[in-house]
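A.B. asks: A single structure is presented below for examination.
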Amino acid sequence: MSLLSWGKYPKIKNTVFRFEKEEILKPIIKTYRSIIPYGNGRSYGDSALSDIVIHMRPHDYFINFDEQKGLLHVQSGVLLSEILESFVPRGWFLKITPGTKLITVGGAIASDVHGKNHHVEGCFSECVQEFEIMLADGQVTTCSKESTPELFKATCGGMGLTGIILNAKIYLKKINSQFIDQTTIKTKNLKETFDAFEEYKKSPYSVAWIDCLAKGNNIGRCLLMVGDFRDDGQLDYSHQSNLSVPFDFPSITLNSWCVRSFNWLYYKKVKQRVSKQKVDIDTFFYPLDAIQHWNRIYGKKGFTQYQCILPKESSYEGLKEILEIISDSGKGSFLAVLKLYGKANDNYLSFPMEGYSLALDFKMDKGLFELLDKLDKIVLQYTGRIYLTKDVRVNKETFEQGYPQIETFRQYRKDHNMDKKFQSLQSQRVEI
Amino acid sequence: MSYILIIGARSDIAKATAREYAKHGYDLYLAARNANELEEFANDVMVRSQRVVKTIELDILNYDSHPSFYEQFEESPLGVICAVGYLGEQSKSQTDFNEAKQIINTNYTGVVSLLNNIANDFEKRKSGFIVGISSVAGDRGRKSNYIYGSAKAALTAYLSGLRNRLYASQVHVMTVKPGFVATKMTKDMDLPEKLTAQPREVAEAIYKAQQKNKSILYTKWMWRWIMLIIRNIPEWKFKGMSI
Ligand SMILES: Cc1cc2nc3c(=O)[nH]c(=O)nc-3n(C[C@H](O)[C@H](O)[C@H](O)COP(=O)(O)OP(=O)(O)OC[C@H]3O[C@@H](n4cnc5c(N)ncnc54)[C@H](O)[C@@H]3O)c2cc1C
Ligand SMILES: NC(=O)c1ccc[n+]([C@@H]2O[C@H](COP(=O)([O-])OP(=O)(O)OC[C@H]3O[C@@H](n4cnc5c(N)ncnc54)[C@H](OP(=O)(O)O)[C@@H]3O)[C@@H](O)[C@H]2O)c1
């Protein structure tokens with residue numbers, strides 16, 4: 001069995017060890033090199049791919065919940081969706097959640113993921129009280145921000161390159177409804193979009209969907225969705241079996257005409273400039289999870305996501321340039337997400353910084369990497385960076401310039417014999 | 001009465017089923033050999049769903065222990081789900097009768113011994129349900145696993161007869177026939193992704209079908225049609241095939 005990432009590219013053969021027990025894992029870690037942990041494979045590129053893969057998803061027990069503190073102790077293969085199923089009905093929600101709930105707690109820590117509330121709550125590491133990790137020598141150690149700050153800063157956002165996270169204690173937040181009051185703001189261009197973000201900055205959750213195939217004056221038009229939990233005491237929330245894309249679509253289905261009409265429909269559906277809706281957790285936070293295997297629509301060759309972030313001062317010019325290039329190329333997808341971020345944390349490789357980030361999917365195609373290289377140049381020019389957990393092709397230079405703490409991270413890995421032991425295709429490519 | 005008894009509770013399918021029933025508000029008795037190794041899992045279910053979960057030692061091959069096993073419950077279970085099974089090695093079972101015997105006894109003899117006790121009690125009290133996990137392998141004997149397949153075929157026939165007998169007592173019996181499931185039983189096999197169910201899918205299907213008093217459940221659903229075709233291949237043709 002070989003494992004793929006969400007983008008289904010690259011397709012490689014690897015040796016997979018399903019996690020069974022710590023005692024079984026230990027000799028594996030001691031014996032092999034180029035090991036990488038794999039959670040639920042929701043990273044898009046090659047962050048979780050290597051010769052030797054430790055499949056952590058089976059490590060999925062809940063250990064304890066401290067009701068007083070709202071502190072949940074789980075093994076690292078537990079999915080965020082499982083936490084929601086058990087805890088939303090009891091009035092608890094994740095403090096930080098990305099746009100899919102189908103990721104493991106280990107993966108959430110390793111990518112230091114963020115959500116629609118980054119500008120107020122920060123990254124996933126903010127809710128992590130401590131975790132246990134198996135290091136390069138097979139020893140298990142408990143890590144927290146206070147007790148082992150370096151290991152903490154290297155591991156949160158460290159893309160599995162410091163060791164295997166075994167379990168974690170994370171804080172949940174209280175909610176009193178499974179519904180969200182959502183406001184949708186429709187804008188006509190990038191300027192209006194930025195203004196709208198500023199206007200709704202106080203809203204705890206916000207994200208914009210950008211029509212990245214719009215041309216000329218319409219470039220950057222969007223639907224900005226902001227919202228907060230209601231207070232109506234309705235907490236019934238259950239797992240639903242979802243629609244599924246049953247097989248890889250043939251590549252022709254997703255030609256630019258289809259994408260364009262999809263974008264247009266999505267945008268046209270909303271009539272007023274500002275409208276209000278009551279939506280449930282899944283609709284608001286996880287719209288894409290409603291269709292299982294949606295990555296199959298990109299066909300056999302797979303796809304990737306380009307996600308970059310630019311510092312706030314230069315975001316407007318930079319993103320405008322980027323959107324123009326994408327619009328001219330006609331290669332963009334129906335999914336382009338724009339978001340305003342809060343302050344960066346001091347983890348060595350966490351992605352967020354104060355500014356705007358753009359994320360969109362691209363089908364694997366001739367000429368794609370050239371296009372993305374062009375975008376990289378703009379990102380560098382505006383001193384931005386690329387999100388590793390989405391990446392499959394960035395080069396060493398672009399990566400390094402975006403992450404000023406990279407040398408600290410490299411040194412830390414060397415000092416603790418992690419550099420040869422834990423490697424992904426990605427870490428080999430960008431030499432971390 | 002709120003307890004469901006799960007036999008062979010360390011099986012991956014059984015674990016997913018345990019979580020599913022607990023999620024829907026049932027308490028659990030989890031029976032398995034080396035039950036002490038189930039403590040962490042029992043705790044998992046309790047943290048997830050705030051239900052009561054008790055673990056009990058049971059070896060399905062220790063027939064003599066079965067009557068007292070079933071008598072020990074203070075509160076007798078509402079229903080029982082039996083997931084024990086042993087795939088074994090076909091080639092070994094052709095030459096080593098001990099292997100064949102273990103396959104037959106784990107999948108069939110032991111289950112009969114235990115379920116007889118339970119069925120008699122449910123029949124007397126005129127309530128309860130019994131879910132037995134058999135297999136599509138029991139639908140037709142194939143050279144690649146016919147010792148296992150024949151034991152499952154026997155189990156399927158047993159459950160069918162039991163269903164027929166207990167119908168009059170409002171005790172419902174359901175036969176589950178999984179196709180491929182990604183569990184520790186199959187972890188070394190290269191299973192076709194689209195025909196392979198995850199344990200959780202099987203568990204959800206079991207819960208739903210049991211609540212609706214279904215008699216036979218194929219999971220994934222397409223296995224019903226695949227097996228219909230396989231059962232209908234004429235024997236003169238089938239005997240030369242490798243499937
Ligand atoms: C539809 C969709 C929406 C998304 N939205 C967002 C979003 O809004 N914000 C965001 O930040 N991300 C987002 N992501 C990305 C996703 O959250 C991350 O890629 C996440 O890390 C995936 O977790 P996983 O469990 O699937 O891990 P994998 O993809 O399997 O692995 C990801 C990384 O984590 C490491 N890892 C996994 N488990 C462990 C472990 N036990 N110990 C140590 N390292 C481990 C791997 O080595 C790898 O480097 C989205 C992805 C999808 C598919
Ligand atoms: N996986 C598939 O593709 C598939 C397909 C069709 C049918 N099935 C059936 O589904 C059921 C569950 O299997 P699974 O896939 O979940 O595999 P599994 O994890 O291997 O489960 C089998 C369970 O049976 C238990 N068992 C074996 N001998 C026992 C004994 N003497 N006493 C008590 N328990 C015993 C095992 O206990 P230990 O944990 O102690 O070993 C194990 O937990 C089985 O009946 C199997 O035949 C599976």
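A note on labels: chains of the structure tokens are A, B, ... as shown, every chain counts residues from 1, and ligands are counted from 1 in their shown order.
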Stretch 79-223 of chain B: which residues are strand (DSSP E or B) by DSSP, as number ranges by chain?
C.D. replies: B: 79-82, 129-133, 172-178, 180-181, 196-197, 216-219
A.B. asks: Give me a file of those residues, with N, CA, C and O atoms, as an mmCIF file, in the first residue's frame.
C.D. replies:
data_model
loop_
_atom_site.group_PDB
_atom_site.id
_atom_site.type_symbol
_atom_site.label_atom_id
_atom_site.label_comp_id
_atom_site.auth_asym_id
_atom_site.auth_seq_id
_atom_site.Cartn_x
_atom_site.Cartn_y
_atom_site.Cartn_z
ATOM 1 N N GLY B 79 -29.199 -6.415 23.399
ATOM 2 C CA GLY B 79 -28.909 -7.098 22.150
ATOM 3 C C GLY B 79 -27.458 -7.510 22.135
ATOM 4 O O GLY B 79 -26.669 -7.065 22.979
ATOM 5 N N VAL B 80 -27.105 -8.381 21.186
ATOM 6 C CA VAL B 80 -25.727 -8.840 21.121
ATOM 7 C C VAL B 80 -25.220 -8.753 19.682
ATOM 8 O O VAL B 80 -25.966 -8.967 18.732
ATOM 9 N N ILE B 81 -23.963 -8.371 19.575
ATOM 10 C CA ILE B 81 -23.333 -8.285 18.252
ATOM 11 C C ILE B 81 -22.066 -9.135 18.296
ATOM 12 O O ILE B 81 -21.208 -8.908 19.150
ATOM 13 N N CYS B 82 -21.979 -10.116 17.417
ATOM 14 C CA CYS B 82 -20.827 -11.005 17.461
ATOM 15 C C CYS B 82 -19.899 -10.766 16.272
ATOM 16 O O CYS B 82 -20.283 -10.939 15.122
ATOM 17 N N PHE B 129 -32.051 -8.503 20.280
ATOM 18 C CA PHE B 129 -31.621 -8.726 18.896
ATOM 19 C C PHE B 129 -30.239 -9.380 18.883
ATOM 20 O O PHE B 129 -29.461 -9.230 19.827
ATOM 21 N N ILE B 130 -29.981 -10.104 17.821
ATOM 22 C CA ILE B 130 -28.688 -10.772 17.644
ATOM 23 C C ILE B 130 -28.141 -10.396 16.274
ATOM 24 O O ILE B 130 -28.826 -10.558 15.264
ATOM 25 N N VAL B 131 -26.942 -9.838 16.280
ATOM 26 C CA VAL B 131 -26.288 -9.527 15.017
ATOM 27 C C VAL B 131 -25.050 -10.407 14.898
ATOM 28 O O VAL B 131 -24.201 -10.405 15.786
ATOM 29 N N GLY B 132 -24.968 -11.167 13.825
ATOM 30 C CA GLY B 132 -23.796 -12.013 13.622
ATOM 31 C C GLY B 132 -23.031 -11.544 12.400
ATOM 32 O O GLY B 132 -23.623 -11.292 11.350
ATOM 33 N N ILE B 133 -21.713 -11.389 12.558
ATOM 34 C CA ILE B 133 -20.931 -10.979 11.397
ATOM 35 C C ILE B 133 -20.384 -12.206 10.689
ATOM 36 O O ILE B 133 -19.525 -12.915 11.209
ATOM 37 N N HIS B 172 -34.994 -10.375 17.019
ATOM 38 C CA HIS B 172 -34.562 -10.164 15.658
ATOM 39 C C HIS B 172 -33.123 -10.606 15.425
ATOM 40 O O HIS B 172 -32.253 -10.268 16.210
ATOM 41 N N VAL B 173 -32.888 -11.321 14.355
ATOM 42 C CA VAL B 173 -31.535 -11.795 14.046
ATOM 43 C C VAL B 173 -31.092 -11.197 12.710
ATOM 44 O O VAL B 173 -31.818 -11.280 11.723
ATOM 45 N N MET B 174 -29.915 -10.590 12.716
ATOM 46 C CA MET B 174 -29.410 -10.004 11.474
ATOM 47 C C MET B 174 -28.067 -10.630 11.091
ATOM 48 O O MET B 174 -27.179 -10.780 11.921
ATOM 49 N N THR B 175 -27.935 -10.968 9.824
ATOM 50 C CA THR B 175 -26.674 -11.507 9.294
ATOM 51 C C THR B 175 -25.950 -10.390 8.556
ATOM 52 O O THR B 175 -26.519 -9.774 7.657
ATOM 53 N N VAL B 176 -24.722 -10.127 8.956
ATOM 54 C CA VAL B 176 -23.940 -9.099 8.269
ATOM 55 C C VAL B 176 -22.927 -9.792 7.366
ATOM 56 O O VAL B 176 -22.206 -10.690 7.806
ATOM 57 N N LYS B 177 -22.903 -9.389 6.117
ATOM 58 C CA LYS B 177 -21.931 -9.959 5.180
ATOM 59 C C LYS B 177 -21.052 -8.856 4.607
ATOM 60 O O LYS B 177 -21.365 -8.281 3.566
ATOM 61 N N PRO B 178 -19.944 -8.590 5.302
ATOM 62 C CA PRO B 178 -19.043 -7.575 4.752
ATOM 63 C C PRO B 178 -18.314 -8.135 3.535
ATOM 64 O O PRO B 178 -18.069 -9.337 3.444
ATOM 65 N N PHE B 180 -14.884 -6.519 1.399
ATOM 66 C CA PHE B 180 -13.581 -6.167 1.971
ATOM 67 C C PHE B 180 -13.738 -5.052 2.992
ATOM 68 O O PHE B 180 -14.456 -4.098 2.756
ATOM 69 N N VAL B 181 -13.037 -5.193 4.112
ATOM 70 C CA VAL B 181 -13.008 -4.126 5.107
ATOM 71 C C VAL B 181 -11.550 -3.909 5.502
ATOM 72 O O VAL B 181 -10.804 -4.883 5.689
ATOM 73 N N THR B 196 -13.628 -1.503 -0.897
ATOM 74 C CA THR B 196 -13.229 -1.714 0.486
ATOM 75 C C THR B 196 -13.886 -0.699 1.405
ATOM 76 O O THR B 196 -13.807 0.500 1.171
ATOM 77 N N ALA B 197 -14.536 -1.214 2.436
ATOM 78 C CA ALA B 197 -15.194 -0.319 3.391
ATOM 79 C C ALA B 197 -14.237 -0.021 4.542
ATOM 80 O O ALA B 197 -13.353 -0.816 4.852
ATOM 81 N N ILE B 216 -30.656 -9.291 6.355
ATOM 82 C CA ILE B 216 -29.320 -9.516 5.794
ATOM 83 C C ILE B 216 -28.740 -8.193 5.326
ATOM 84 O O ILE B 216 -29.415 -7.428 4.640
ATOM 85 N N LEU B 217 -27.525 -7.931 5.761
ATOM 86 C CA LEU B 217 -26.879 -6.687 5.366
ATOM 87 C C LEU B 217 -25.584 -6.984 4.629
ATOM 88 O O LEU B 217 -24.679 -7.618 5.179
ATOM 89 N N TYR B 218 -25.496 -6.562 3.391
ATOM 90 C CA TYR B 218 -24.221 -6.580 2.678
ATOM 91 C C TYR B 218 -23.584 -5.206 2.853
ATOM 92 O O TYR B 218 -24.273 -4.191 2.775
ATOM 93 N N THR B 219 -22.277 -5.160 3.063
ATOM 94 C CA THR B 219 -21.624 -3.867 3.202
ATOM 95 C C THR B 219 -20.201 -3.967 2.694
ATOM 96 O O THR B 219 -19.535 -4.921 3.025
#
A.B. asks: Compile the residues of chain A that lie within 7 Å of chain B, evaluated using only C-alpha atoms, and express the compilation as JSON, numbers by chain.
C.D. replies: {"A": [1, 61, 62, 63, 64, 65, 86]}
A.B. asks: Write a file of the selected residues as a CSV table (one decimal), in the first residue's frame, keeping C-alpha atoms.
C.D. replies:
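Produced file part.csv, reproduced below:
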chain,number,residue,atom,x,y,z
A,1,MET,CA,0.0,0.0,0.0
A,61,TYR,CA,-8.3,7.1,21.2
A,62,PHE,CA,-9.7,9.8,23.3
A,63,ILE,CA,-7.9,9.8,26.7
A,64,ASN,CA,-9.6,12.3,28.9
A,65,PHE,CA,-11.7,15.4,29.0
A,86,SER,CA,-18.6,14.2,20.6
A.B. asks: Assign secondary structure with DSSP using the backbone only, and return the residues of stretch 10-151 of chain B in helix (DSSP H, G or I) as a count of residues only.
C.D. replies: 80
A.B. asks: Taking only C-alpha atoms and all ligand atoms into account, produce a table as a Markdown table in which each residue of chain A with an atom at most 7 Å from an atom of ligand 1 appears once, together with its shortest atom pair and the distance in Å to one decimal, ordered by chain and rising number.
C.D. replies:
| residue | atom | partner | partner_atom_place_in_ligand_line | distance |
| --- | --- | --- | --- | --- |
| A:Ser5 | CA | ligand 1 | 29 (O) | 6.4 |
| A:Trp6 | CA | ligand 1 | 53 (C) | 6.1 |
| A:Ile36 | CA | ligand 1 | 47 (O) | 5.1 |
| A:Pro37 | CA | ligand 1 | 47 (O) | 4.2 |
| A:Tyr38 | CA | ligand 1 | 30 (O) | 3.8 |
| A:Gly39 | CA | ligand 1 | 30 (O) | 3.4 |
| A:Asn40 | CA | ligand 1 | 26 (O) | 3.5 |
| A:Gly41 | CA | ligand 1 | 30 (O) | 3.4 |
| A:Arg42 | CA | ligand 1 | 26 (O) | 3.5 |
| A:Ser43 | CA | ligand 1 | 19 (O) | 3.2 |
| A:Tyr44 | CA | ligand 1 | 19 (O) | 6.4 |
| A:Ser47 | CA | ligand 1 | 49 (O) | 4.2 |
| A:Ala48 | CA | ligand 1 | 48 (C) | 4.0 |
| A:Met56 | CA | ligand 1 | 41 (N) | 5.5 |
| A:Ser76 | CA | ligand 1 | 41 (N) | 5.1 |
| A:Gly77 | CA | ligand 1 | 41 (N) | 6.4 |
| A:Pro98 | CA | ligand 1 | 8 (O) | 3.6 |
| A:Gly99 | CA | ligand 1 | 5 (N) | 3.7 |
| A:Thr100 | CA | ligand 1 | 3 (C) | 4.5 |
| A:Leu102 | CA | ligand 1 | 26 (O) | 6.8 |
| A:Ile103 | CA | ligand 1 | 25 (O) | 3.8 |
| A:Thr104 | CA | ligand 1 | 25 (O) | 3.6 |
| A:Val105 | CA | ligand 1 | 25 (O) | 6.4 |
| A:Gly106 | CA | ligand 1 | 41 (N) | 3.9 |
| A:Gly107 | CA | ligand 1 | 37 (C) | 3.7 |
| A:Ala108 | CA | ligand 1 | 21 (O) | 4.8 |
| A:Ala110 | CA | ligand 1 | 34 (O) | 4.5 |
| A:Ser111 | CA | ligand 1 | 21 (O) | 4.6 |
| A:Asp112 | CA | ligand 1 | 11 (O) | 6.7 |
| A:Val113 | CA | ligand 1 | 11 (O) | 3.3 |
| A:His114 | CA | ligand 1 | 11 (O) | 4.2 |
| A:Gly115 | CA | ligand 1 | 8 (O) | 4.9 |
| A:Lys116 | CA | ligand 1 | 8 (O) | 6.9 |
| A:Met159 | CA | ligand 1 | 49 (O) | 3.4 |
| A:Gly160 | CA | ligand 1 | 44 (N) | 3.3 |
| A:Leu161 | CA | ligand 1 | 47 (O) | 6.8 |
| A:Gly163 | CA | ligand 1 | 43 (C) | 5.8 |
| A:Ile164 | CA | ligand 1 | 42 (N) | 3.9 |
| A:Ile165 | CA | ligand 1 | 42 (N) | 3.6 |
| A:Leu166 | CA | ligand 1 | 41 (N) | 5.7 |
| A:Leu288 | CA | ligand 1 | 1 (C) | 5.7 |
| A:Asp289 | CA | ligand 1 | 1 (C) | 6.7 |
| A:Thr389 | CA | ligand 1 | 19 (O) | 4.7 |
| A:Lys390 | CA | ligand 1 | 19 (O) | 6.4 |
A.B. asks: If you take only C-alpha atoms and all ligand atoms and a cut-off of 6 Å, which residues of chain B touch ligand 2, and what are their nearest atom pairs and distances in Å to one decimal, in chain and number order, as CSV?
C.D. replies:
residue,atom,partner,partner_atom_place_in_ligand_line,distance
B:Gly8,CA,ligand 2,34 (N),4.5
B:Ala9,CA,ligand 2,43 (O),5.9
B:Arg10,CA,ligand 2,43 (O),3.9
B:Ser11,CA,ligand 2,19 (O),3.3
B:Asp12,CA,ligand 2,16 (O),4.0
B:Ile13,CA,ligand 2,16 (O),4.0
B:Ala32,CA,ligand 2,33 (C),5.1
B:Arg33,CA,ligand 2,33 (C),4.9
B:Leu58,CA,ligand 2,33 (C),5.9
B:Asp59,CA,ligand 2,32 (N),3.7
B:Ile60,CA,ligand 2,32 (N),3.9
B:Leu61,CA,ligand 2,31 (N),4.8
B:Ala83,CA,ligand 2,11 (C),4.5
B:Val84,CA,ligand 2,24 (O),3.4
B:Gly85,CA,ligand 2,45 (O),3.5
B:Tyr86,CA,ligand 2,27 (C),5.2
B:Thr106,CA,ligand 2,28 (N),5.6
B:Ile133,CA,ligand 2,45 (O),5.1
B:Ser134,CA,ligand 2,7 (C),5.6
B:Ser135,CA,ligand 2,7 (C),4.1
B:Pro178,CA,ligand 2,6 (C),4.3
B:Gly179,CA,ligand 2,5 (C),5.0
B:Phe180,CA,ligand 2,3 (O),3.7
B:Val181,CA,ligand 2,3 (O),3.7
B:Ala182,CA,ligand 2,1 (N),5.7
B:Thr183,CA,ligand 2,15 (O),4.8
B:Lys184,CA,ligand 2,19 (O),4.9
B:Met185,CA,ligand 2,20 (O),4.0
B:Thr186,CA,ligand 2,1 (N),5.4
A.B. asks: May I have the residues from that selection written out with N, CA and C atoms, as a short mmCIF file (atom, residue, chain, number, x, y, z; two decimals), in the first residue's frame?
C.D. replies:
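After the write, part15.cif holds the following:
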data_model
loop_
_atom_site.label_atom_id
_atom_site.label_comp_id
_atom_site.auth_asym_id
_atom_site.auth_seq_id
_atom_site.Cartn_x
_atom_site.Cartn_y
_atom_site.Cartn_z
N GLY B 8 -16.01 -10.31 20.77
CA GLY B 8 -14.85 -10.14 19.88
C GLY B 8 -14.55 -8.67 19.73
N ALA B 9 -14.63 -7.97 20.88
CA ALA B 9 -14.67 -6.51 20.87
C ALA B 9 -13.35 -5.87 20.46
N ARG B 10 -12.29 -6.67 20.36
CA ARG B 10 -11.04 -6.05 19.90
C ARG B 10 -10.94 -6.00 18.39
N SER B 11 -11.90 -6.58 17.72
CA SER B 11 -11.91 -6.50 16.25
C SER B 11 -12.14 -5.05 15.85
N ASP B 12 -11.53 -4.65 14.75
CA ASP B 12 -11.67 -3.27 14.32
C ASP B 12 -13.12 -2.92 13.98
N ILE B 13 -13.81 -3.87 13.38
CA ILE B 13 -15.22 -3.63 13.07
C ILE B 13 -16.02 -3.50 14.37
N ALA B 32 -13.92 -9.94 25.09
CA ALA B 32 -12.82 -10.33 24.21
C ALA B 32 -11.82 -11.16 25.00
N ARG B 33 -10.98 -11.89 24.28
CA ARG B 33 -9.88 -12.52 25.01
C ARG B 33 -8.87 -11.41 25.30
N LEU B 58 -13.48 -13.22 27.49
CA LEU B 58 -14.18 -14.32 26.81
C LEU B 58 -13.30 -14.92 25.73
N ASP B 59 -13.17 -16.24 25.77
CA ASP B 59 -12.53 -16.94 24.66
C ASP B 59 -13.61 -17.75 23.96
N ILE B 60 -13.83 -17.46 22.71
CA ILE B 60 -14.92 -18.11 21.99
C ILE B 60 -14.67 -19.61 21.83
N LEU B 61 -13.41 -20.03 21.98
CA LEU B 61 -13.08 -21.46 21.85
C LEU B 61 -13.21 -22.21 23.17
N ALA B 83 -18.66 -10.36 16.58
CA ALA B 83 -17.71 -10.01 15.52
C ALA B 83 -16.51 -10.94 15.47
N VAL B 84 -16.45 -11.96 16.35
CA VAL B 84 -15.25 -12.80 16.33
C VAL B 84 -15.10 -13.48 14.98
N GLY B 85 -13.89 -13.67 14.62
CA GLY B 85 -13.63 -14.34 13.36
C GLY B 85 -12.15 -14.61 13.25
N TYR B 86 -11.81 -15.57 12.41
CA TYR B 86 -10.40 -15.88 12.17
C TYR B 86 -10.26 -16.29 10.71
N THR B 106 -13.49 -21.05 15.42
CA THR B 106 -13.61 -19.63 15.78
C THR B 106 -14.80 -18.99 15.07
N ILE B 133 -21.71 -11.39 12.56
CA ILE B 133 -20.93 -10.98 11.40
C ILE B 133 -20.38 -12.21 10.69
N SER B 134 -20.95 -12.47 9.53
CA SER B 134 -20.49 -13.56 8.70
C SER B 134 -19.61 -12.95 7.60
N SER B 135 -19.73 -13.38 6.37
CA SER B 135 -18.89 -12.81 5.32
C SER B 135 -19.42 -13.18 3.95
N PRO B 178 -19.94 -8.59 5.30
CA PRO B 178 -19.04 -7.58 4.75
C PRO B 178 -18.31 -8.13 3.53
N GLY B 179 -17.98 -7.22 2.61
CA GLY B 179 -17.06 -7.58 1.54
C GLY B 179 -15.65 -7.35 2.07
N PHE B 180 -14.88 -6.52 1.40
CA PHE B 180 -13.58 -6.17 1.97
C PHE B 180 -13.74 -5.05 2.99
N VAL B 181 -13.04 -5.19 4.11
CA VAL B 181 -13.01 -4.13 5.11
C VAL B 181 -11.55 -3.91 5.50
N ALA B 182 -11.16 -2.66 5.61
CA ALA B 182 -9.77 -2.37 5.98
C ALA B 182 -9.60 -2.52 7.48
N THR B 183 -9.17 -3.70 7.93
CA THR B 183 -8.98 -3.96 9.35
C THR B 183 -7.66 -4.71 9.55
N LYS B 184 -7.38 -5.07 10.80
CA LYS B 184 -6.12 -5.78 11.00
C LYS B 184 -6.15 -7.17 10.35
N MET B 185 -7.34 -7.71 10.12
CA MET B 185 -7.45 -9.00 9.44
C MET B 185 -6.91 -8.91 8.01
N THR B 186 -7.07 -7.76 7.39
CA THR B 186 -6.71 -7.62 5.97
C THR B 186 -5.55 -6.66 5.75
#
A.B. asks: Pick from B:Met222, B:Val53, B:Leu114, B:Ile206: nearest to B:His66, with only C-alpha atoms counted?
C.D. replies: B:Leu114
A.B. asks: Tell me which protein, DNA and RNA residues are within 10 Å of B:Gln90, counting only C-alpha atoms, leaving out same-chain ones fewer than 4 positions away, and put them as a PyMOL selection string.
C.D. replies: chain B and resi 94-96+99-100+103+143-149
A.B. asks: Produce a file of the selected residues containing N, CA, C and O atoms, as a tab-separated table (two decimals), in the first residue's frame.
C.D. replies:
chain	number	residue	atom	x	y	z
B	94	GLN	N	-4.94	-26.44	4.54
B	94	GLN	CA	-5.10	-27.61	3.67
B	94	GLN	C	-4.22	-28.77	4.12
B	94	GLN	O	-4.51	-29.93	3.84
B	95	THR	N	-3.15	-28.42	4.83
B	95	THR	CA	-2.23	-29.48	5.25
B	95	THR	C	-2.21	-29.66	6.76
B	95	THR	O	-1.88	-30.72	7.27
B	96	ASP	N	-2.56	-28.63	7.48
B	96	ASP	CA	-2.47	-28.68	8.93
B	96	ASP	C	-3.89	-28.59	9.49
B	96	ASP	O	-4.51	-27.52	9.49
B	99	GLU	N	-4.96	-25.85	11.98
B	99	GLU	CA	-5.31	-24.54	11.43
B	99	GLU	C	-6.76	-24.54	10.93
B	99	GLU	O	-7.54	-23.64	11.22
B	100	ALA	N	-7.11	-25.61	10.20
B	100	ALA	CA	-8.48	-25.72	9.69
B	100	ALA	C	-9.48	-25.70	10.86
B	100	ALA	O	-10.50	-25.01	10.82
B	103	ILE	N	-9.96	-22.29	12.36
B	103	ILE	CA	-10.81	-21.44	11.51
B	103	ILE	C	-12.28	-21.82	11.70
B	103	ILE	O	-13.14	-20.97	11.92
B	143	LYS	N	-11.30	-21.32	-4.12
B	143	LYS	CA	-10.07	-22.02	-3.72
B	143	LYS	C	-9.18	-21.17	-2.80
B	143	LYS	O	-8.42	-21.70	-2.01
B	144	SER	N	-9.31	-19.85	-2.90
B	144	SER	CA	-8.41	-19.00	-2.12
B	144	SER	C	-8.74	-18.95	-0.63
B	144	SER	O	-7.88	-18.60	0.18
B	145	ASN	N	-9.97	-19.29	-0.23
B	145	ASN	CA	-10.27	-19.24	1.21
B	145	ASN	C	-11.49	-20.09	1.60
B	145	ASN	O	-12.31	-19.66	2.40
B	146	TYR	N	-11.56	-21.31	1.06
B	146	TYR	CA	-12.81	-22.06	1.29
B	146	TYR	C	-12.93	-22.68	2.67
B	146	TYR	O	-14.03	-23.06	3.07
B	147	ILE	N	-11.86	-22.78	3.42
B	147	ILE	CA	-12.05	-23.29	4.79
B	147	ILE	C	-12.76	-22.20	5.60
B	147	ILE	O	-13.80	-22.43	6.22
B	148	TYR	N	-12.21	-21.00	5.52
B	148	TYR	CA	-12.86	-19.85	6.14
B	148	TYR	C	-14.27	-19.67	5.56
B	148	TYR	O	-15.25	-19.51	6.30
B	149	GLY	N	-14.36	-19.73	4.23
B	149	GLY	CA	-15.64	-19.53	3.55
B	149	GLY	C	-16.69	-20.53	4.00
B	149	GLY	O	-17.85	-20.18	4.23
A.B. asks: A:Lys8, A:Lys26, A:Thr398, A:Ala214: which is nearest A:Ser333, counting only C-alpha atoms?
C.D. replies: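 Among A:Lys8, A:Lys26, A:Thr398, A:Ala214, it is A:Ala214 that comes nearest to A:Ser333.
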A.B. asks: What is the atom CA of A:Tyr412-atom CA of A:Tyr387 distance in Å, reported with one decimal?
C.D. replies: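 Going from atom CA of A:Tyr412 over to atom CA of A:Tyr387, I get 20.8 Å.
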A.B. asks: What's around stretch 373-379 of chain A at 9 Å? Count only C-alpha atoms, leave out sequence neighbours fewer than 4 positions away in its own chain, and write the answer as a list in words.
C.D. replies: Cys308, Ile309, Leu310, Gly318, Leu319, Glu321, Ile322, Ile325, Ile326, Leu368, Phe369, Thr383, Gly384, Arg385, Ile386, Val394, Asn395, Thr398 and Gly402 of chain A
A.B. asks: For A:Cys123, which residue among A:Met225, A:Ile83, A:Ala136, A:Ala344 is the nearest when counting only C-alpha atoms?
C.D. replies: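 Of the candidates, the smallest distance to A:Cys123 is held by A:Ala344.
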A.B. asks: List as a ChimeraX atom specification the protein and nucleic acid residues near A:Leu4, meaning an atom at most 9 Å away when only C-alpha atoms are counted, but skip any in the same chain fewer than 4 places from it.
C.D. replies: /A:8-12,41,45-46,48-49
A.B. asks: What does the structure give for the distance between atom CA of B:Phe73 and atom CA of B:Leu115, in Å to one decimal?
C.D. replies: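 We find that atom CA of B:Phe73 and atom CA of B:Leu115 lie 15.2 Å from each other.
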